[in-house]
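A.B. asks: TSV, C-alpha atoms and all ligand atoms, saved as structure-v4.tsv, coming up:
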chain	number	residue	atom	x	y	z
A	1353	MET	CA	94.72	116.63	97.72
A	1354	ASN	CA	94.90	112.98	97.14
A	1355	ARG	CA	94.55	111.29	100.49
A	1356	LYS	CA	95.00	107.66	99.79
A	1357	ASN	CA	98.53	107.41	100.92
A	1358	TRP	CA	97.72	108.39	104.43
A	1359	MET	CA	96.76	104.76	104.54
A	1360	LEU	CA	100.30	103.55	104.03
A	1361	LEU	CA	100.66	102.49	107.58
A	1362	VAL	CA	103.35	100.60	109.26
A	1363	GLY	CA	102.69	98.72	112.42
A	1364	VAL	CA	99.57	97.19	111.02
A	1365	SER	CA	97.89	96.27	114.26
A	1366	GLY	CA	94.62	94.42	114.57
A	1367	LEU	CA	95.59	91.67	112.18
A	1368	VAL	CA	93.92	89.24	114.54
A	1369	LEU	CA	90.75	90.34	112.80
A	1370	VAL	CA	91.78	88.31	109.81
A	1371	LEU	CA	90.57	84.80	110.50
A	1372	ALA	CA	92.35	83.14	107.65
A	1373	VAL	CA	93.91	83.99	104.33
A	1374	ILE	CA	93.75	81.49	101.51
A	1375	LEU	CA	96.94	81.93	99.56
A	1376	CYS	CA	96.14	82.49	95.94
A	1377	SER	CA	98.25	82.78	92.84
A	1378	ALA	CA	96.48	85.41	90.75
A	1379	TRP	CA	95.82	89.08	91.34
A	1380	ASP	CA	92.13	88.91	90.47
A	1381	THR	CA	91.24	85.89	92.61
A	1382	PRO	CA	89.02	86.60	95.61
A	1383	SER	CA	91.16	85.64	98.54
A	1384	VAL	CA	89.50	86.49	101.82
A	1385	HIS	CA	88.29	83.40	103.59
A	1386	GLU	CA	85.78	83.98	106.34
A	1387	GLY	CA	87.46	87.26	107.19
A	1388	SER	CA	85.66	89.60	109.49
A	1389	GLN	CA	85.23	93.22	108.59
A	1390	GLY	CA	88.67	94.73	108.91
A	1391	GLN	CA	89.04	98.11	110.51
A	1392	ARG	CA	90.63	100.95	108.74
A	1393	TYR	CA	93.06	102.83	110.88
A	1394	VAL	CA	92.62	106.22	109.40
A	1395	PRO	CA	89.20	106.67	107.92
A	1396	LYS	CA	89.76	108.57	104.73
A	1397	GLU	CA	87.27	111.30	105.47
A	1398	GLU	CA	88.78	112.07	108.84
A	1399	VAL	CA	92.31	112.60	107.72
A	1400	ALA	CA	93.43	116.16	107.43
A	1401	SER	CA	95.06	117.19	104.22
A	1402	PRO	CA	98.68	118.21	104.57
A	1403	GLY	CA	98.79	119.94	101.21
A	1404	ASP	CA	101.90	119.85	99.13
A	1405	VAL	CA	105.47	119.89	100.17
A	1406	MET	CA	106.98	123.23	99.44
A	1407	PRO	CA	109.74	122.93	96.87
A	1408	LYS	CA	113.09	123.93	98.29
A	1409	GLU	CA	113.42	127.05	96.20
A	1410	ASP	CA	110.11	128.36	97.56
A	1411	VAL	CA	110.95	127.91	101.18
A	1412	GLN	CA	110.77	131.20	102.95
A	1413	VAL	CA	113.45	131.36	105.52
A	1414	LEU	CA	111.58	132.93	108.37
A	1415	THR	CA	114.49	132.75	110.73
A	1416	SER	CA	112.70	132.95	114.04
A	1417	VAL	CA	110.08	130.39	113.07
A	1418	VAL	CA	112.67	128.05	111.65
A	1419	GLU	CA	114.85	128.33	114.73
A	1420	ALA	CA	111.96	127.64	117.06
A	1421	GLU	CA	110.84	124.67	114.98
A	1422	LEU	CA	114.34	123.29	114.78
A	1423	LYS	CA	114.71	123.50	118.53
A	1424	ARG	CA	111.52	121.50	119.03
A	1425	ARG	CA	111.79	118.97	116.24
A	1426	MET	CA	115.47	118.32	115.73
A	1427	PRO	CA	115.92	116.33	118.98
A	1428	LEU	CA	112.90	114.19	118.07
A	1429	TYR	CA	114.20	113.52	114.59
A	1430	LYS	CA	117.65	112.69	115.96
A	1431	GLU	CA	116.13	110.14	118.30
A	1432	TRP	CA	114.64	108.23	115.34
A	1433	LEU	CA	117.80	108.56	113.30
A	1434	MET	CA	119.96	107.31	116.15
A	1435	ALA	CA	117.60	104.40	116.70
A	1436	ALA	CA	118.01	103.48	113.02
A	1437	ALA	CA	121.79	103.75	113.40
A	1438	GLU	CA	121.65	101.31	116.28
A	1439	VAL	CA	119.63	98.81	114.25
A	1440	ALA	CA	122.02	99.11	111.30
A	1441	ASP	CA	124.90	98.59	113.70
A	1442	LEU	CA	123.40	95.69	115.68
A	1443	SER	CA	122.26	93.84	112.57
A	1444	GLY	CA	125.38	94.60	110.55
A	1445	ASP	CA	123.03	94.46	107.56
A	1446	GLU	CA	124.37	96.17	104.43
A	1447	GLU	CA	120.95	97.29	103.18
A	1448	ALA	CA	120.19	98.74	106.61
A	1449	LYS	CA	123.45	100.68	106.53
A	1450	GLN	CA	122.74	102.02	103.04
A	1451	THR	CA	119.20	102.97	104.02
A	1452	PHE	CA	120.42	104.75	107.12
A	1453	TYR	CA	123.05	106.62	105.11
A	1454	TYR	CA	120.46	107.65	102.54
A	1455	MET	CA	118.31	109.18	105.25
A	1456	ALA	CA	121.13	110.71	107.26
A	1457	THR	CA	122.50	112.53	104.23
A	1458	GLY	CA	119.40	113.14	102.14
A	1459	GLY	CA	116.68	113.75	104.69
A	1460	MET	CA	115.19	117.21	105.01
A	1461	LEU	CA	113.55	118.14	108.28
A	1462	ALA	CA	110.09	119.70	108.06
A	1463	ALA	CA	107.16	120.86	110.14
A	1464	PRO	CA	103.46	120.73	109.26
A	1465	VAL	CA	101.75	124.04	108.53
A	1466	GLU	CA	98.22	124.70	107.30
A	1467	GLN	CA	99.38	124.68	103.69
A	1468	GLY	CA	101.52	121.57	103.90
A	1469	PHE	CA	104.94	120.75	105.23
A	1470	VAL	CA	107.53	123.47	105.49
A	1471	VAL	CA	111.18	122.53	105.33
A	1472	ILE	CA	113.06	123.79	108.39
A	1473	ARG	CA	116.39	122.19	107.66
A	1474	PRO	CA	117.25	121.56	104.03
A	1475	SER	CA	119.56	118.69	103.28
A	1476	PRO	CA	123.18	119.37	102.36
A	1477	GLU	CA	122.59	116.91	99.51
A	1478	PRO	CA	121.43	118.63	96.31
A	1479	GLU	CA	119.59	115.46	95.30
A	1480	ALA	CA	117.69	115.13	98.59
A	1481	THR	CA	114.51	113.18	98.05
A	1482	VAL	CA	112.84	112.76	101.39
A	1483	VAL	CA	111.18	115.04	103.89
A	1484	LEU	CA	110.98	114.00	107.56
A	1485	VAL	CA	108.19	115.32	109.72
A	1486	PRO	CA	108.33	114.51	113.46
A	1487	LEU	CA	104.86	115.25	114.79
A	1488	ILE	CA	104.37	116.95	118.15
A	1489	GLU	CA	101.20	117.40	120.23
A	1490	GLU	CA	100.59	120.84	118.82
A	1491	ASP	CA	100.32	119.41	115.30
A	1492	ALA	CA	96.99	117.89	116.31
A	1493	LYS	CA	95.46	121.23	115.30
A	1494	ILE	CA	96.48	120.50	111.72
A	1495	LEU	CA	96.67	116.70	111.59
A	1496	PRO	CA	94.51	115.45	114.47
A	1497	ASN	CA	94.10	111.94	113.19
A	1498	LEU	CA	97.74	111.41	112.63
A	1499	VAL	CA	98.80	112.79	115.98
A	1500	HIS	CA	96.18	111.08	118.12
A	1501	HIS	CA	94.22	108.36	116.47
A	1502	SER	CA	96.47	106.49	114.16
A	1503	HIS	CA	97.75	103.11	115.30
A	1504	ALA	CA	100.85	103.63	113.23
A	1505	PHE	CA	104.24	104.78	114.42
A	1506	ALA	CA	105.20	106.28	111.14
A	1507	LEU	CA	104.20	106.38	107.52
A	1508	TYR	CA	105.64	107.25	104.16
A	1509	LEU	CA	103.61	109.47	101.87
A	1510	PRO	CA	105.03	109.03	98.36
A	1511	GLU	CA	103.13	111.91	96.82
A	1512	HIS	CA	104.84	114.22	99.31
A	1513	ARG	CA	108.01	112.22	99.51
A	1514	SER	CA	107.57	112.52	103.25
A	1515	ILE	CA	107.92	110.32	106.27
A	1516	VAL	CA	105.64	111.33	109.14
A	1517	LEU	CA	106.93	110.24	112.54
A	1518	ARG	CA	104.69	110.03	115.58
A	1519	THR	CA	106.60	111.06	118.65
A	1520	ASN	CA	103.77	110.52	121.14
A	1521	VAL	CA	103.86	106.74	120.83
A	1522	GLN	CA	106.40	105.12	123.08
A	1523	ALA	CA	108.63	102.41	121.72
A	1524	THR	CA	111.96	100.85	122.62
A	1525	LYS	CA	114.97	102.14	120.70
A	1526	VAL	CA	115.48	99.04	118.56
A	1527	TRP	CA	111.85	98.90	117.44
A	1528	LYS	CA	111.80	102.59	116.72
A	1529	GLY	CA	114.84	102.00	114.55
A	1530	ILE	CA	113.15	99.10	112.77
A	1531	VAL	CA	110.05	101.18	112.06
A	1532	PHE	CA	112.17	104.07	110.82
A	1533	LEU	CA	114.18	101.82	108.51
A	1534	HIS	CA	110.95	100.26	107.19
A	1535	GLU	CA	109.62	103.67	106.14
A	1536	SER	CA	113.06	104.78	104.98
A	1537	ALA	CA	113.30	101.72	102.72
A	1538	HIS	CA	110.05	102.85	101.06
A	1539	ALA	CA	111.43	106.37	100.76
A	1540	MET	CA	114.68	105.16	99.24
A	1541	ALA	CA	112.91	102.85	96.78
A	1542	TYR	CA	110.57	105.63	95.64
A	1543	GLY	CA	113.19	108.37	95.80
A	1544	THR	CA	115.66	106.50	93.63
A	1545	LYS	CA	113.11	105.09	91.17
A	1546	PRO	CA	109.57	106.47	91.45
A	1547	TYR	CA	106.77	104.00	90.73
A	1548	ASP	CA	102.98	104.04	90.47
A	1549	HIS	CA	102.24	104.03	94.20
A	1550	GLN	CA	98.49	103.73	93.68
A	1551	ASP	CA	98.75	100.52	91.71
A	1552	VAL	CA	97.68	97.70	94.03
A	1553	LYS	CA	100.10	95.12	92.65
A	1554	THR	CA	103.07	97.48	92.78
A	1555	PHE	CA	102.11	98.66	96.26
A	1556	CYS	CA	101.92	95.07	97.56
A	1557	GLU	CA	105.19	94.11	95.91
A	1558	LYS	CA	106.95	97.08	97.51
A	1559	GLU	CA	105.50	96.14	100.90
A	1560	ARG	CA	106.63	92.56	100.39
A	1561	ASP	CA	110.17	93.75	99.65
A	1562	VAL	CA	110.25	95.97	102.72
A	1563	HIS	CA	108.80	93.26	104.97
A	1564	THR	CA	111.42	90.84	103.67
A	1565	PHE	CA	114.08	93.40	104.60
A	1566	GLN	CA	112.47	93.88	108.00
A	1567	ASN	CA	112.25	90.12	108.62
A	1568	ARG	CA	115.95	89.83	107.97
A	1569	LEU	CA	116.82	92.71	110.31
A	1570	VAL	CA	114.74	91.39	113.18
A	1571	GLU	CA	116.18	87.92	112.71
A	1572	LYS	CA	119.74	89.26	112.74
A	1573	ILE	CA	119.10	91.18	115.95
A	1574	GLY	CA	116.81	88.66	117.67
A	1575	GLY	CA	118.94	85.66	116.73
A	1576	LYS	CA	118.13	82.14	117.78
A	1577	ARG	CA	115.36	82.98	120.22
A	1578	TYR	CA	113.55	85.02	117.59
A	1579	ARG	CA	113.81	82.11	115.16
A	1580	VAL	CA	112.17	79.97	117.84
A	1581	ALA	CA	109.23	82.40	118.03
A	1582	VAL	CA	108.76	82.25	114.26
A	1583	ALA	CA	109.14	78.45	114.20
A	1584	GLU	CA	106.53	78.07	116.93
A	1585	GLU	CA	104.07	80.16	114.96
A	1586	ILE	CA	104.73	78.06	111.86
A	1587	GLU	CA	104.05	74.88	113.82
A	1588	SER	CA	100.86	76.31	115.23
A	1589	GLN	CA	99.72	77.31	111.72
A	1590	LYS	CA	100.37	73.78	110.44
A	1591	ALA	CA	98.52	72.22	113.38
A	1592	GLU	CA	95.53	74.47	112.71
A	1593	ALA	CA	95.45	73.47	109.04
A	1594	LYS	CA	95.48	69.81	109.97
A	1595	LYS	CA	92.73	70.31	112.52
A	1596	LEU	CA	90.51	72.13	110.03
A	1597	GLY	CA	91.30	69.85	107.12
A	1598	ASP	CA	92.92	72.63	105.07
A	1599	VAL	CA	95.92	72.04	102.84
A	1600	VAL	CA	98.96	72.79	104.98
A	1601	GLY	CA	100.75	75.87	103.72
A	1602	HIS	CA	97.82	77.10	101.62
A	1603	VAL	CA	96.02	78.99	104.37
A	1604	ILE	CA	97.43	81.47	106.86
A	1605	TYR	CA	95.34	81.81	110.03
A	1606	GLY	CA	94.98	85.03	112.00
A	1607	ARG	CA	97.38	85.81	114.77
A	1608	GLN	CA	96.26	84.32	118.08
A	1609	GLN	CA	98.83	85.64	120.50
A	1610	ASN	CA	101.40	88.30	121.36
A	1611	TYR	CA	104.42	85.96	121.56
A	1612	PRO	CA	105.68	86.64	125.10
A	1613	ILE	CA	109.10	85.34	124.02
A	1614	MET	CA	109.51	88.65	122.16
A	1615	ASP	CA	109.52	90.45	125.52
A	1616	ASP	CA	112.28	88.14	126.74
A	1617	ILE	CA	114.35	88.91	123.66
A	1618	PHE	CA	113.76	92.62	123.27
A	1619	GLY	CA	112.55	93.71	126.71
A	1620	PRO	CA	108.98	94.76	127.44
A	1621	PRO	CA	107.30	96.94	124.81
A	1622	LEU	CA	106.60	100.52	125.87
A	1623	SER	CA	103.15	100.79	124.31
A	1624	GLU	CA	100.30	98.72	122.91
A	1625	VAL	CA	101.25	99.90	119.44
A	1626	GLU	CA	104.75	98.54	119.89
A	1627	ALA	CA	103.49	95.22	121.31
A	1628	ASP	CA	101.20	94.83	118.35
A	1629	PHE	CA	103.87	95.78	115.83
A	1630	ARG	CA	106.27	93.19	117.24
A	1631	ALA	CA	103.64	90.45	117.25
A	1632	THR	CA	102.63	91.27	113.68
A	1633	GLN	CA	106.28	90.99	112.75
A	1634	VAL	CA	106.46	87.38	114.01
A	1635	TRP	CA	103.19	86.51	112.30
A	1636	ILE	CA	104.17	87.96	108.90
A	1637	HIS	CA	107.61	86.39	109.10
A	1638	ALA	CA	105.99	83.00	109.81
A	1639	ALA	CA	103.60	83.49	106.87
A	1640	PHE	CA	106.46	84.34	104.48
A	1641	THR	CA	108.41	81.30	105.68
A	1642	ILE	CA	105.40	79.02	105.18
A	1643	ILE	CA	105.06	80.36	101.63
A	1644	ASP	CA	108.76	79.67	101.00
A	1645	GLU	CA	108.34	76.11	102.28
A	1646	THR	CA	105.16	75.42	100.34
A	1647	PHE	CA	105.49	76.87	96.85
A	1648	PRO	CA	108.00	76.53	94.02
A	1649	ALA	CA	110.64	79.26	93.91
A	1650	GLU	CA	109.08	81.05	90.92
A	1651	GLU	CA	105.73	81.48	92.71
A	1652	ARG	CA	106.83	82.52	96.18
A	1653	GLU	CA	107.37	86.25	95.79
A	1654	ASN	CA	104.06	86.73	94.02
A	1655	ARG	CA	102.22	84.77	96.71
A	1656	LYS	CA	103.76	86.86	99.47
A	1657	ALA	CA	102.58	90.04	97.78
A	1658	LEU	CA	99.11	88.51	97.35
A	1659	PHE	CA	99.05	87.52	101.00
A	1660	LEU	CA	99.73	91.14	101.99
A	1661	LYS	CA	97.09	92.29	99.53
A	1662	VAL	CA	94.45	90.41	101.50
A	1663	LEU	CA	95.49	92.18	104.69
A	1664	TYR	CA	95.36	95.60	103.07
A	1665	ALA	CA	92.05	94.79	101.37
A	1666	GLU	CA	90.62	93.88	104.78
A	1667	ARG	CA	91.53	97.35	105.95
A	1668	GLY	CA	89.67	98.95	103.07
A	1669	MET	CA	92.81	100.40	101.54
A	1670	PHE	CA	91.79	99.62	97.98
A	1671	ASP	CA	89.00	101.25	96.06
A	1672	PRO	CA	86.98	98.49	94.36
A	1673	SER	CA	85.60	100.92	91.78
A	1674	THR	CA	89.03	101.87	90.47
A	1675	GLY	CA	91.03	98.83	91.54
A	1676	ARG	CA	93.64	101.22	92.93
A	1677	LEU	CA	94.66	102.49	96.32
A	1678	ARG	CA	92.24	104.91	97.87
A	1701	ZN	ZN	105.46	99.53	104.44
When written as structure tokens, how does the structure in this file appear?

C.D. replies:
Amino acid sequence: MNRKNWMLLVGVSGLVLVLAVILCSAWDTPSVHEGSQGQRYVPKEEVASPGDVMPKEDVQVLTSVVEAELKRRMPLYKEWLMAAAEVADLSGDEEAKQTFYYMATGGMLAAPVEQGFVVIRPSPEPEATVVLVPLIEEDAKILPNLVHHSHAFALYLPEHRSIVLRTNVQATKVWKGIVFLHESAHAMAYGTKPYDHQDVKTFCEKERDVHTFQNRLVEKIGGKRYRVAVAEEIESQKAEAKKLGDVVGHVIYGRQQNYPIMDDIFGPPLSEVEADFRATQVWIHAAFTIIDETFPAEERENRKALFLKVLYAERGMFDPSTGRLR
């Protein structure tokens, strides 16, 4: 099984490891400036293979197993779905509403088994395109690295059309909803129009689109105080550039703090993973805004994707020998 997409992590923590990113304009330009060795979250060789998703028509309805699995996993899945509903509601964002609706109507619930993921509740939608897998402690026997060692909350695996949800990481409802909508946006994009998910450029462009969506959601919910957090990071980035004699706007420096103002806005985070995810949000939002302020309109979107590429390259997500995702 092709494992590379286990690396499609959300909640990219540890970005402080990146000292600075020189913003570049071409896909083949080396772009890491004095970066330290990034850590990969899920070392490829340690990730268990989930096998293939069983097509709907092959699903054996083993009633007792299905009932037991539903009893355990349905409440967990509902928690994520309800969190996404709250975010769609609070933000009033049309794309968030559409994404939520796509998942609520087209999501199939599944459980991991040795051979892959088995669907335990098919979708009423004949065109259902996404499988949702809430992981529980017991799944560590099959997917130990996903259940215990990943720093991610959730991830989308395009080759399985699946979203894996970690239920052993605590997070506040709103941030759970934001994470779920992030992965759901990937699922909806791929489900409605599949693309080459191993192509680095395409991968980075899709991430850019989803982060832009996420920035907008957090801003709508966090309001003025959140904008202050982003503005302060932008100012600090500019001050750093001046101090180091770099061209303002052409270098993004690594995140230096956790932005305590985020706790005032959203309440204290419930885990380190959540704290890190929120801080990364502010940092990426600031970086995107700096790019918007610095470059002509026709260059901005490409530069944002290239900026993300540096972060993913630092994590060893790309295979230099093939130039594609691992
Ligand atoms: Zn993503």

A.B. asks: Kindly give the distance, in Å, that separates CA of Val1600 in chain A and CA of Glu1650 in chain A, rounded to a single decimal.

C.D. replies: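 Result for CA of Val1600 in chain A versus CA of Glu1650 in chain A: 19.2 Å, one decimal.
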
A.B. asks: Quote the spacing between CA of Glu1535 in chain A and CA of Ala1372 in chain A in Å to one decimal place.

C.D. replies: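 Going from CA of Glu1535 in chain A over to CA of Ala1372 in chain A, I get 26.9 Å.
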
A.B. asks: Measure the distance from CA of Glu1489 in chain A to CA of Gln1467 in chain A in Å and round it to one decimal.

C.D. replies: 18.2 Å

A.B. asks: Residues within 10 Å of ligand ZN 1701 (chain A) should be enumerated using all atoms listed in the file and returned as a ChimeraX atom specification.

C.D. replies: /A:1360-1364,1506-1508,1531,1533-1539,1555-1556,1558-1563,1566

A.B. asks: Would you list the contacts of range 1567-1582 of chain A as number ranges by chain, taking every protein, DNA or RNA residue within 9 Å and counting all atoms listed in the file, but skipping same-chain residues closer than 2 positions in sequence?

C.D. replies: A: 1439-1440, 1442-1445, 1448, 1530, 1562-1565, 1584-1587, 1611-1614, 1616-1618, 1633-1638, 1641

A.B. asks: Measuring atom to atom with all atoms listed in the file, identify which of A:Pro1648, A:Pro1486, A:Pro1546, A:Pro1620 is nearest to Arg1518 in chain A.

C.D. replies: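 Looking at the shortest contact to Arg1518 in chain A, the residue is A:Pro1486.
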
A.B. asks: Any idea what's packed within 10 Å of Glu1477 in chain A, counting all atoms listed in the file, ignoring anything in its chain fewer than 6 positions away? Could you give it as a list of chain:residue names?

C.D. replies: A:Tyr1454, A:Thr1457, A:Gly1458, A:Gly1459, A:Met1460

A.B. asks: Counting only C-alpha atoms, which residue out of A:Asp1671, A:Glu1653, A:Glu1626, A:Glu1419 sits closest to Trp1527 in chain A?

C.D. replies: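 Result for the nearest residue to Trp1527 in chain A: A:Glu1626.
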
A.B. asks: Which residue is closest to Thr1674 in chain A? Choose from A:Val1485, A:Met1540, A:Val1552, A:Val1526 and count all atoms listed in the file.

C.D. replies: A:Val1552

A.B. asks: Under the rule that all atoms listed in the file are counted, which of A:Ala1627, A:Ala1541, A:Asn1610, A:His1602 is the nearest residue to His1503 in chain A?

C.D. replies: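 Among the listed residues, the smallest separation from His1503 in chain A belongs to A:Ala1627.
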
A.B. asks: Counting all atoms listed in the file, figure out which residue out of A:Lys1525, A:Phe1640, A:Ala1649, A:Ala1436 gets nearest to Leu1622 in chain A.

C.D. replies: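 Residue with the minimum atom-to-atom distance to Leu1622 in chain A: A:Lys1525.
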
A.B. asks: For a quick check of understanding, using all atoms listed in the file, which of A:Leu1658, A:Ala1583, A:Met1434, A:Val1417 has the smallest distance to Ala1462 in chain A?

C.D. replies: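 Checking each of A:Leu1658, A:Ala1583, A:Met1434, A:Val1417 against Ala1462 in chain A, counting all atoms listed in the file, the winner is A:Val1417.
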
A.B. asks: Identify, on the basis of only C-alpha atoms, every residue whose closest approach to Ile1643 in chain A does not exceed 8 Å; exclude the query and any residue fewer than 4 positions from it along the same chain; express the result as JSON, numbers by chain.

C.D. replies: {"A": [1601, 1602, 1639, 1647, 1652, 1655, 1656]}
